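Raw contents of my_file33.cif, mmCIF, N, CA and C atoms:
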```cif
data_coords
loop_
_atom_site.label_atom_id
_atom_site.label_comp_id
_atom_site.auth_asym_id
_atom_site.auth_seq_id
_atom_site.Cartn_x
_atom_site.Cartn_y
_atom_site.Cartn_z
N MET A 1 128.88 -1.24 -177.64
CA MET A 1 129.63 -0.40 -176.76
C MET A 1 129.62 1.05 -177.26
N ALA A 2 129.75 1.21 -178.57
CA ALA A 2 129.73 2.55 -179.17
C ALA A 2 128.38 3.21 -178.99
N PHE A 3 127.30 2.38 -179.00
CA PHE A 3 125.95 2.94 -178.83
C PHE A 3 125.80 3.52 -177.42
N LYS A 4 126.37 2.83 -176.43
CA LYS A 4 126.27 3.30 -175.06
C LYS A 4 127.00 4.63 -174.91
N ALA A 5 128.19 4.75 -175.49
CA ALA A 5 128.95 6.01 -175.42
C ALA A 5 128.19 7.13 -176.11
N MET A 6 127.59 6.83 -177.26
CA MET A 6 126.82 7.84 -177.99
C MET A 6 125.61 8.25 -177.17
N LYS A 7 124.94 7.26 -176.58
CA LYS A 7 123.75 7.55 -175.78
C LYS A 7 124.12 8.44 -174.60
N ASP A 8 125.22 8.10 -173.93
CA ASP A 8 125.66 8.91 -172.79
C ASP A 8 125.99 10.34 -173.21
N PHE A 9 126.65 10.49 -174.37
CA PHE A 9 126.97 11.82 -174.86
C PHE A 9 125.70 12.63 -175.13
N ILE A 10 124.72 11.97 -175.76
CA ILE A 10 123.47 12.67 -176.09
C ILE A 10 122.74 13.08 -174.81
N VAL A 11 122.70 12.16 -173.83
CA VAL A 11 122.00 12.48 -172.58
C VAL A 11 122.68 13.65 -171.87
N GLN A 12 124.02 13.67 -171.87
CA GLN A 12 124.75 14.75 -171.19
C GLN A 12 124.60 16.09 -171.92
N ASN A 13 124.40 16.03 -173.24
CA ASN A 13 124.35 17.27 -174.03
C ASN A 13 122.98 17.48 -174.66
N GLN A 14 121.92 17.13 -173.95
CA GLN A 14 120.58 17.27 -174.50
C GLN A 14 120.25 18.71 -174.87
N SER A 15 120.81 19.63 -174.17
CA SER A 15 120.48 21.04 -174.43
C SER A 15 121.01 21.51 -175.78
N LEU A 16 122.02 20.84 -176.33
CA LEU A 16 122.57 21.22 -177.63
C LEU A 16 121.71 20.72 -178.79
N LEU A 17 120.88 19.71 -178.52
CA LEU A 17 120.08 19.09 -179.57
C LEU A 17 118.64 19.55 -179.50
N GLY A 18 118.09 19.79 -180.67
CA GLY A 18 116.68 20.11 -180.72
C GLY A 18 115.87 18.82 -180.74
N GLN A 19 114.57 18.97 -180.56
CA GLN A 19 113.70 17.79 -180.51
C GLN A 19 113.75 17.01 -181.82
N ARG A 20 113.80 17.75 -182.91
CA ARG A 20 113.86 17.11 -184.23
C ARG A 20 115.16 16.32 -184.39
N ASP A 21 116.30 16.92 -183.96
CA ASP A 21 117.59 16.22 -184.03
C ASP A 21 117.58 14.97 -183.15
N TYR A 22 117.01 15.12 -181.98
CA TYR A 22 116.95 13.99 -181.05
C TYR A 22 116.14 12.85 -181.66
N LEU A 23 115.01 13.15 -182.29
CA LEU A 23 114.17 12.14 -182.94
C LEU A 23 114.92 11.49 -184.10
N HIS A 24 115.64 12.31 -184.89
CA HIS A 24 116.41 11.79 -186.01
C HIS A 24 117.51 10.84 -185.52
N LEU A 25 118.24 11.21 -184.48
CA LEU A 25 119.28 10.34 -183.91
C LEU A 25 118.68 9.04 -183.36
N SER A 26 117.54 9.17 -182.72
CA SER A 26 116.86 8.00 -182.17
C SER A 26 116.49 7.02 -183.28
N MET A 27 116.00 7.54 -184.40
CA MET A 27 115.63 6.68 -185.53
C MET A 27 116.88 6.03 -186.13
N GLN A 28 117.98 6.81 -186.21
CA GLN A 28 119.21 6.26 -186.76
C GLN A 28 119.76 5.13 -185.87
N VAL A 29 119.71 5.35 -184.57
CA VAL A 29 120.18 4.32 -183.63
C VAL A 29 119.34 3.06 -183.78
N SER A 30 118.04 3.22 -183.91
CA SER A 30 117.15 2.07 -184.08
C SER A 30 117.47 1.32 -185.38
N ASP A 31 117.65 2.06 -186.46
CA ASP A 31 118.00 1.44 -187.75
C ASP A 31 119.34 0.71 -187.66
N THR A 32 120.30 1.35 -187.01
CA THR A 32 121.63 0.75 -186.87
C THR A 32 121.55 -0.53 -186.05
N GLN A 33 120.77 -0.53 -184.98
CA GLN A 33 120.61 -1.74 -184.16
C GLN A 33 120.01 -2.88 -184.99
N GLN A 34 119.03 -2.55 -185.83
CA GLN A 34 118.43 -3.58 -186.68
C GLN A 34 119.44 -4.13 -187.68
N GLU A 35 120.25 -3.24 -188.26
CA GLU A 35 121.27 -3.68 -189.21
C GLU A 35 122.31 -4.57 -188.53
N VAL A 36 122.72 -4.18 -187.32
CA VAL A 36 123.70 -4.98 -186.57
C VAL A 36 123.11 -6.36 -186.27
N GLN A 37 121.85 -6.39 -185.89
CA GLN A 37 121.20 -7.68 -185.60
C GLN A 37 121.12 -8.54 -186.87
N SER A 38 120.84 -7.91 -187.99
CA SER A 38 120.79 -8.63 -189.27
C SER A 38 122.16 -9.20 -189.62
N ILE A 39 123.20 -8.39 -189.41
CA ILE A 39 124.57 -8.85 -189.69
C ILE A 39 124.93 -10.02 -188.78
N LYS A 40 124.57 -9.91 -187.51
CA LYS A 40 124.83 -11.01 -186.57
C LYS A 40 124.15 -12.29 -187.04
N SER A 41 122.89 -12.16 -187.47
CA SER A 41 122.15 -13.34 -187.96
C SER A 41 122.84 -13.94 -189.18
N GLN A 42 123.28 -13.07 -190.08
CA GLN A 42 123.97 -13.56 -191.28
C GLN A 42 125.28 -14.25 -190.92
N LEU A 43 126.01 -13.69 -189.96
CA LEU A 43 127.27 -14.31 -189.52
C LEU A 43 127.02 -15.68 -188.90
N ILE A 44 125.98 -15.77 -188.11
CA ILE A 44 125.64 -17.07 -187.51
C ILE A 44 125.27 -18.07 -188.60
N ASP A 45 124.47 -17.62 -189.58
CA ASP A 45 124.08 -18.48 -190.70
C ASP A 45 125.30 -18.94 -191.49
N HIS A 46 126.21 -17.98 -191.78
CA HIS A 46 127.42 -18.33 -192.52
C HIS A 46 128.30 -19.27 -191.70
N GLY A 47 128.34 -19.04 -190.39
CA GLY A 47 129.11 -19.91 -189.51
C GLY A 47 128.58 -21.33 -189.55
N ASP A 48 127.24 -21.47 -189.55
CA ASP A 48 126.64 -22.80 -189.63
C ASP A 48 126.97 -23.46 -190.96
N ARG A 49 126.90 -22.67 -192.04
CA ARG A 49 127.23 -23.21 -193.36
C ARG A 49 128.69 -23.66 -193.42
N LEU A 50 129.59 -22.82 -192.89
CA LEU A 50 131.00 -23.18 -192.87
C LEU A 50 131.23 -24.44 -192.05
N SER A 51 130.55 -24.54 -190.94
CA SER A 51 130.68 -25.74 -190.11
C SER A 51 130.24 -26.98 -190.88
N ASP A 52 129.13 -26.87 -191.62
CA ASP A 52 128.65 -27.99 -192.44
C ASP A 52 129.67 -28.34 -193.52
N LEU A 53 130.24 -27.30 -194.17
CA LEU A 53 131.23 -27.54 -195.21
C LEU A 53 132.47 -28.22 -194.65
N PHE A 54 132.95 -27.76 -193.50
CA PHE A 54 134.13 -28.39 -192.89
C PHE A 54 133.83 -29.84 -192.52
N SER A 55 132.63 -30.08 -192.05
CA SER A 55 132.24 -31.45 -191.72
C SER A 55 132.25 -32.33 -192.96
N GLN A 56 131.72 -31.80 -194.07
CA GLN A 56 131.71 -32.57 -195.32
C GLN A 56 133.12 -32.77 -195.85
N MET A 57 133.98 -31.77 -195.68
CA MET A 57 135.35 -31.88 -196.17
C MET A 57 136.12 -32.97 -195.41
N GLN A 58 135.80 -33.16 -194.15
CA GLN A 58 136.48 -34.19 -193.37
C GLN A 58 136.11 -35.58 -193.86
N GLN A 59 134.96 -35.70 -194.50
CA GLN A 59 134.50 -37.00 -194.98
C GLN A 59 134.97 -37.30 -196.40
N THR A 60 135.57 -36.32 -197.08
CA THR A 60 136.02 -36.56 -198.44
C THR A 60 137.47 -37.03 -198.45
N VAL A 61 137.83 -37.66 -199.52
CA VAL A 61 139.20 -38.13 -199.68
C VAL A 61 140.06 -36.96 -200.14
N LYS A 62 141.17 -36.77 -199.50
CA LYS A 62 142.05 -35.67 -199.84
C LYS A 62 143.05 -36.10 -200.90
N ARG A 63 143.51 -35.15 -201.68
CA ARG A 63 144.47 -35.42 -202.75
C ARG A 63 145.70 -36.12 -202.19
N SER A 64 146.16 -35.68 -201.02
CA SER A 64 147.36 -36.28 -200.42
C SER A 64 147.15 -37.74 -200.07
N GLU A 65 145.91 -38.14 -199.79
CA GLU A 65 145.62 -39.54 -199.48
C GLU A 65 145.62 -40.40 -200.75
N ILE A 66 145.28 -39.80 -201.88
CA ILE A 66 145.18 -40.56 -203.13
C ILE A 66 146.52 -40.62 -203.87
N SER A 67 147.38 -39.64 -203.64
CA SER A 67 148.63 -39.54 -204.40
C SER A 67 149.43 -40.84 -204.47
N PRO A 68 149.66 -41.56 -203.35
CA PRO A 68 150.45 -42.79 -203.47
C PRO A 68 149.80 -43.82 -204.40
N TYR A 69 148.47 -43.88 -204.39
CA TYR A 69 147.78 -44.84 -205.25
C TYR A 69 147.89 -44.41 -206.71
N MET A 70 147.79 -43.11 -206.96
CA MET A 70 147.91 -42.63 -208.33
C MET A 70 149.31 -42.93 -208.88
N LEU A 71 150.32 -42.80 -208.03
CA LEU A 71 151.67 -43.14 -208.47
C LEU A 71 151.78 -44.62 -208.81
N ASP A 72 151.11 -45.47 -208.01
CA ASP A 72 151.10 -46.90 -208.31
C ASP A 72 150.48 -47.16 -209.68
N PHE A 73 149.40 -46.46 -209.98
CA PHE A 73 148.71 -46.68 -211.25
C PHE A 73 149.53 -46.19 -212.43
N SER A 74 150.40 -45.23 -212.20
CA SER A 74 151.11 -44.64 -213.32
C SER A 74 152.45 -45.32 -213.63
N ARG A 75 152.88 -46.24 -212.77
CA ARG A 75 154.16 -46.92 -213.04
C ARG A 75 154.01 -47.85 -214.23
N GLU A 76 154.95 -47.75 -215.13
CA GLU A 76 154.90 -48.52 -216.38
C GLU A 76 154.93 -50.02 -216.11
N GLU A 77 155.72 -50.44 -215.10
CA GLU A 77 155.85 -51.89 -214.84
C GLU A 77 154.60 -52.48 -214.18
N ASP A 78 153.70 -51.63 -213.69
CA ASP A 78 152.48 -52.11 -213.03
C ASP A 78 151.22 -51.80 -213.83
N LYS A 79 151.27 -51.92 -215.12
CA LYS A 79 150.10 -51.63 -215.96
C LYS A 79 149.12 -52.80 -215.85
N LYS A 80 148.49 -52.92 -214.70
CA LYS A 80 147.51 -53.96 -214.44
C LYS A 80 146.20 -53.30 -214.07
N GLU A 81 145.16 -54.08 -214.07
CA GLU A 81 143.85 -53.56 -213.69
C GLU A 81 143.72 -53.61 -212.17
N TYR A 82 143.14 -52.55 -211.63
CA TYR A 82 142.92 -52.47 -210.19
C TYR A 82 141.44 -52.29 -209.92
N LEU A 83 141.04 -52.66 -208.72
CA LEU A 83 139.70 -52.36 -208.24
C LEU A 83 139.84 -51.92 -206.80
N ILE A 84 138.81 -51.30 -206.29
CA ILE A 84 138.82 -50.85 -204.91
C ILE A 84 138.03 -51.87 -204.09
N LEU A 85 138.70 -52.48 -203.11
CA LEU A 85 138.09 -53.50 -202.25
C LEU A 85 138.32 -53.08 -200.81
N ASN A 86 137.25 -52.92 -200.07
CA ASN A 86 137.33 -52.47 -198.68
C ASN A 86 138.10 -51.17 -198.55
N GLY A 87 137.90 -50.26 -199.51
CA GLY A 87 138.52 -48.95 -199.46
C GLY A 87 139.98 -48.91 -199.88
N GLN A 88 140.51 -50.03 -200.35
CA GLN A 88 141.92 -50.09 -200.74
C GLN A 88 142.04 -50.59 -202.17
N PRO A 89 143.02 -50.10 -202.93
CA PRO A 89 143.21 -50.62 -204.28
C PRO A 89 143.76 -52.05 -204.21
N ALA A 90 143.28 -52.88 -205.10
CA ALA A 90 143.74 -54.27 -205.15
C ALA A 90 143.88 -54.67 -206.61
N LYS A 91 144.84 -55.53 -206.89
CA LYS A 91 145.01 -56.00 -208.26
C LYS A 91 143.80 -56.86 -208.59
N ALA A 92 143.15 -56.51 -209.68
CA ALA A 92 141.87 -57.13 -210.03
C ALA A 92 141.99 -58.64 -210.21
N ASP A 93 142.96 -59.10 -210.98
CA ASP A 93 143.08 -60.54 -211.26
C ASP A 93 143.23 -61.34 -209.97
N GLU A 94 144.12 -60.90 -209.11
CA GLU A 94 144.35 -61.62 -207.85
C GLU A 94 143.10 -61.61 -206.97
N THR A 95 142.41 -60.48 -206.95
CA THR A 95 141.21 -60.36 -206.13
C THR A 95 140.11 -61.29 -206.64
N TYR A 96 139.89 -61.30 -207.96
CA TYR A 96 138.86 -62.18 -208.52
C TYR A 96 139.19 -63.65 -208.23
N MET A 97 140.44 -64.03 -208.42
CA MET A 97 140.82 -65.43 -208.18
C MET A 97 140.62 -65.78 -206.71
N ASP A 98 140.92 -64.86 -205.81
CA ASP A 98 140.72 -65.10 -204.38
C ASP A 98 139.24 -65.28 -204.07
N ILE A 99 138.40 -64.45 -204.67
CA ILE A 99 136.95 -64.57 -204.46
C ILE A 99 136.45 -65.91 -205.01
N TYR A 100 136.90 -66.28 -206.18
CA TYR A 100 136.48 -67.55 -206.78
C TYR A 100 136.91 -68.73 -205.92
N ARG A 101 138.10 -68.67 -205.34
CA ARG A 101 138.60 -69.76 -204.48
C ARG A 101 137.75 -69.92 -203.23
N LYS A 102 137.17 -68.83 -202.74
CA LYS A 102 136.38 -68.86 -201.50
C LYS A 102 134.99 -69.44 -201.70
N ALA A 103 134.52 -69.52 -202.93
CA ALA A 103 133.17 -70.03 -203.20
C ALA A 103 133.08 -71.49 -202.79
N ARG A 104 131.95 -71.89 -202.21
CA ARG A 104 131.77 -73.27 -201.75
C ARG A 104 130.68 -74.01 -202.51
N LYS A 105 129.72 -73.29 -203.09
CA LYS A 105 128.64 -73.96 -203.83
C LYS A 105 128.56 -73.51 -205.28
N THR A 106 128.38 -72.18 -205.48
CA THR A 106 128.16 -71.67 -206.83
C THR A 106 128.83 -70.31 -207.00
N VAL A 107 129.37 -70.08 -208.19
CA VAL A 107 129.88 -68.77 -208.58
C VAL A 107 128.99 -68.27 -209.70
N PHE A 108 128.38 -67.11 -209.51
CA PHE A 108 127.57 -66.48 -210.55
C PHE A 108 128.39 -65.33 -211.14
N ILE A 109 128.55 -65.34 -212.46
CA ILE A 109 129.26 -64.27 -213.15
C ILE A 109 128.25 -63.56 -214.04
N VAL A 110 128.10 -62.25 -213.82
CA VAL A 110 127.23 -61.42 -214.66
C VAL A 110 128.15 -60.39 -215.31
N ASP A 111 128.33 -60.51 -216.63
CA ASP A 111 129.27 -59.64 -217.32
C ASP A 111 128.84 -59.56 -218.79
N ASN A 112 128.87 -58.37 -219.35
CA ASN A 112 128.45 -58.26 -220.75
C ASN A 112 129.54 -58.71 -221.71
N TYR A 113 130.74 -58.94 -221.19
CA TYR A 113 131.80 -59.46 -222.04
C TYR A 113 132.60 -60.50 -221.26
N ILE A 114 132.52 -61.72 -221.69
CA ILE A 114 133.31 -62.80 -221.10
C ILE A 114 134.37 -63.19 -222.12
N GLY A 115 135.62 -63.06 -221.71
CA GLY A 115 136.70 -63.40 -222.62
C GLY A 115 137.57 -64.49 -222.03
N ILE A 116 138.65 -64.75 -222.73
CA ILE A 116 139.60 -65.78 -222.30
C ILE A 116 140.14 -65.46 -220.91
N LYS A 117 140.38 -64.21 -220.65
CA LYS A 117 140.93 -63.81 -219.35
C LYS A 117 140.00 -64.23 -218.22
N THR A 118 138.70 -63.99 -218.38
CA THR A 118 137.74 -64.38 -217.35
C THR A 118 137.76 -65.89 -217.14
N LEU A 119 137.80 -66.63 -218.24
CA LEU A 119 137.84 -68.09 -218.14
C LEU A 119 139.12 -68.55 -217.45
N ARG A 120 140.22 -67.90 -217.74
CA ARG A 120 141.49 -68.24 -217.08
C ARG A 120 141.39 -68.00 -215.57
N LEU A 121 140.77 -66.89 -215.17
CA LEU A 121 140.62 -66.60 -213.74
C LEU A 121 139.69 -67.60 -213.06
N LEU A 122 138.71 -68.10 -213.81
CA LEU A 122 137.76 -69.06 -213.24
C LEU A 122 138.41 -70.41 -212.94
N ARG A 123 139.63 -70.63 -213.41
CA ARG A 123 140.33 -71.86 -213.07
C ARG A 123 140.61 -71.94 -211.57
N SER A 124 140.48 -70.81 -210.87
CA SER A 124 140.71 -70.78 -209.42
C SER A 124 139.56 -71.39 -208.64
N VAL A 125 138.42 -71.60 -209.29
CA VAL A 125 137.25 -72.17 -208.61
C VAL A 125 137.60 -73.58 -208.14
N VAL A 126 137.25 -73.86 -206.90
CA VAL A 126 137.50 -75.18 -206.31
C VAL A 126 136.69 -76.24 -207.06
N PRO A 127 137.26 -77.40 -207.34
CA PRO A 127 136.50 -78.47 -208.02
C PRO A 127 135.22 -78.79 -207.24
N GLY A 128 134.14 -78.97 -207.97
CA GLY A 128 132.84 -79.27 -207.36
C GLY A 128 131.95 -78.06 -207.19
N VAL A 129 132.51 -76.87 -207.37
CA VAL A 129 131.71 -75.64 -207.28
C VAL A 129 131.18 -75.32 -208.67
N SER A 130 129.87 -75.06 -208.75
CA SER A 130 129.24 -74.74 -210.04
C SER A 130 129.57 -73.31 -210.44
N VAL A 131 129.73 -73.10 -211.76
CA VAL A 131 129.96 -71.76 -212.31
C VAL A 131 128.84 -71.49 -213.29
N ILE A 132 128.09 -70.40 -213.04
CA ILE A 132 126.99 -70.01 -213.93
C ILE A 132 127.32 -68.62 -214.46
N ILE A 133 127.33 -68.50 -215.80
CA ILE A 133 127.71 -67.23 -216.44
C ILE A 133 126.51 -66.65 -217.17
N PHE A 134 126.25 -65.38 -216.89
CA PHE A 134 125.23 -64.61 -217.61
C PHE A 134 125.97 -63.57 -218.45
N SER A 135 125.85 -63.67 -219.77
CA SER A 135 126.58 -62.74 -220.63
C SER A 135 125.92 -62.63 -221.99
N ASP A 136 126.17 -61.52 -222.67
CA ASP A 136 125.66 -61.31 -224.03
C ASP A 136 126.54 -61.98 -225.08
N ASN A 137 127.79 -62.25 -224.77
CA ASN A 137 128.70 -62.65 -225.82
C ASN A 137 129.13 -64.12 -225.78
N LEU A 138 128.50 -64.92 -224.99
CA LEU A 138 128.92 -66.33 -224.92
C LEU A 138 128.84 -67.01 -226.28
N GLY A 139 127.86 -66.65 -227.09
CA GLY A 139 127.73 -67.27 -228.42
C GLY A 139 128.86 -66.89 -229.36
N LYS A 140 129.59 -65.84 -229.04
CA LYS A 140 130.68 -65.37 -229.89
C LYS A 140 132.01 -66.06 -229.57
N MET A 141 132.02 -66.87 -228.53
CA MET A 141 133.27 -67.55 -228.16
C MET A 141 133.34 -68.89 -228.86
N HIS A 142 134.54 -69.35 -229.06
CA HIS A 142 134.74 -70.65 -229.68
C HIS A 142 134.59 -71.75 -228.63
N LEU A 143 134.13 -72.90 -229.05
CA LEU A 143 133.95 -74.03 -228.16
C LEU A 143 135.28 -74.39 -227.48
N SER A 144 136.37 -74.24 -228.19
CA SER A 144 137.69 -74.55 -227.60
C SER A 144 138.02 -73.60 -226.45
N ASP A 145 137.54 -72.34 -226.54
CA ASP A 145 137.77 -71.39 -225.44
C ASP A 145 137.05 -71.85 -224.18
N LEU A 146 135.80 -72.32 -224.37
CA LEU A 146 135.04 -72.75 -223.21
C LEU A 146 135.62 -74.03 -222.65
#
```
Can you turn what I pasted into structure tokens?
Amino acid sequence: MAFKAMKDFIVQNQSLLGQRDYLHLSMQVSDTQQEVQSIKSQLIDHGDRLSDLFSQMQQTVKRSEISPYMLDFSREEDKKEYLILNGQPAKADETYMDIYRKARKTVFIVDNYIGIKTLRLLRSVVPGVSVIIFSDNLGKMHLSDL
């Protein structure tokens, strides 16, 4: 809009400007138009980047969404192990026992450390279901533990 007003002023007052001044103004207007176009392109590019960032931010977990879970983890009376199952925190022991109860043929356990706790949880396996354990430390357990 400012270019149009400037152009109109120059056209109305051509007699005040010499040919050299007119050429100089014409070059400045051309340079300014190129700079404005460059700025517009940069704004569009930045707008696209911002749009992508906002889209990514919508897919991330927000601190306010995690806060209740973090409070659960920090309570002294609930010092238990948790895991994330279907996007929700779950008490690990209960979840493992539930999974073991659902097995119908075989339970495969792959763990680099099998302890008494794991064996205690495996008591949830339905009778008749095979349990196969792959571990580095089975030789370190006592026969009475097994």
**OP:** Provide the atom CA of Ile84 of chain A to atom CA of Tyr100 of chain A distance in Å, to one decimal place.
**Re:** 17.0 Å
**OP:** Quote the spacing between atom C of Asp111 of chain A and atom N of Asn137 of chain A in Å to one decimal place.
**Re:** 6.6 Å
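Between atom N of Val131 of chain A and atom N of Ala103 of chain A lies a distance of 10.7 Å.
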Any idea what's packed within 8 Å of Thr106 of chain A, counting only N, CA and C atoms, ignoring anything in its chain fewer than 6 positions away? Could you give it as a PDB file with N, CA and C atoms, in the coordinates of the input?
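Wrote it out as selection24.pdb, contents follow:
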```pdb
ATOM      1  N   GLY A 128     134.140 -78.970-207.970  1.00  0.00           N
ATOM      2  CA  GLY A 128     132.840 -79.270-207.360  1.00  0.00           C
ATOM      3  C   GLY A 128     131.950 -78.060-207.190  1.00  0.00           C
ATOM      4  N   VAL A 129     132.510 -76.870-207.370  1.00  0.00           N
ATOM      5  CA  VAL A 129     131.710 -75.640-207.280  1.00  0.00           C
ATOM      6  C   VAL A 129     131.180 -75.320-208.670  1.00  0.00           C
ATOM      7  N   SER A 130     129.870 -75.060-208.750  1.00  0.00           N
ATOM      8  CA  SER A 130     129.240 -74.740-210.040  1.00  0.00           C
ATOM      9  C   SER A 130     129.570 -73.310-210.440  1.00  0.00           C
ATOM     10  N   VAL A 131     129.730 -73.100-211.760  1.00  0.00           N
ATOM     11  CA  VAL A 131     129.960 -71.760-212.310  1.00  0.00           C
ATOM     12  C   VAL A 131     128.840 -71.490-213.290  1.00  0.00           C
ATOM     13  N   ILE A 132     128.090 -70.400-213.040  1.00  0.00           N
ATOM     14  CA  ILE A 132     126.990 -70.010-213.930  1.00  0.00           C
ATOM     15  C   ILE A 132     127.320 -68.620-214.460  1.00  0.00           C
TER      16      ILE A 132
END
```
If the PyMOL selection byres ((chain A and resi 113) around 6) were run on this exact file, what residues would it hold? Put them as a PDB file with N, CA and C atoms, in the coordinates of the input.
```pdb
ATOM      1  N   ASP A 111     128.330 -60.510-216.630  1.00  0.00           N
ATOM      2  CA  ASP A 111     129.270 -59.640-217.320  1.00  0.00           C
ATOM      3  C   ASP A 111     128.840 -59.560-218.790  1.00  0.00           C
ATOM      4  N   ASN A 112     128.870 -58.370-219.350  1.00  0.00           N
ATOM      5  CA  ASN A 112     128.450 -58.260-220.750  1.00  0.00           C
ATOM      6  C   ASN A 112     129.540 -58.710-221.710  1.00  0.00           C
ATOM      7  N   ILE A 114     132.520 -61.720-221.690  1.00  0.00           N
ATOM      8  CA  ILE A 114     133.310 -62.800-221.100  1.00  0.00           C
ATOM      9  C   ILE A 114     134.370 -63.190-222.120  1.00  0.00           C
ATOM     10  N   GLY A 115     135.620 -63.060-221.710  1.00  0.00           N
ATOM     11  CA  GLY A 115     136.700 -63.400-222.620  1.00  0.00           C
ATOM     12  C   GLY A 115     137.570 -64.490-222.030  1.00  0.00           C
ATOM     13  N   SER A 135     125.850 -63.670-219.770  1.00  0.00           N
ATOM     14  CA  SER A 135     126.580 -62.740-220.630  1.00  0.00           C
ATOM     15  C   SER A 135     125.920 -62.630-221.990  1.00  0.00           C
ATOM     16  N   ASP A 136     126.170 -61.520-222.670  1.00  0.00           N
ATOM     17  CA  ASP A 136     125.660 -61.310-224.030  1.00  0.00           C
ATOM     18  C   ASP A 136     126.540 -61.980-225.080  1.00  0.00           C
ATOM     19  N   ASN A 137     127.790 -62.250-224.770  1.00  0.00           N
ATOM     20  CA  ASN A 137     128.700 -62.650-225.820  1.00  0.00           C
ATOM     21  C   ASN A 137     129.130 -64.120-225.780  1.00  0.00           C
TER      22      ASN A 137
END
```
Original post:
Care to translate the PyMOL selection byres ((chain A and resi 82) around 7) into actual residues of this file, as a ChimeraX atom specification?
Top reply: /A:80-81,83-84,89-93
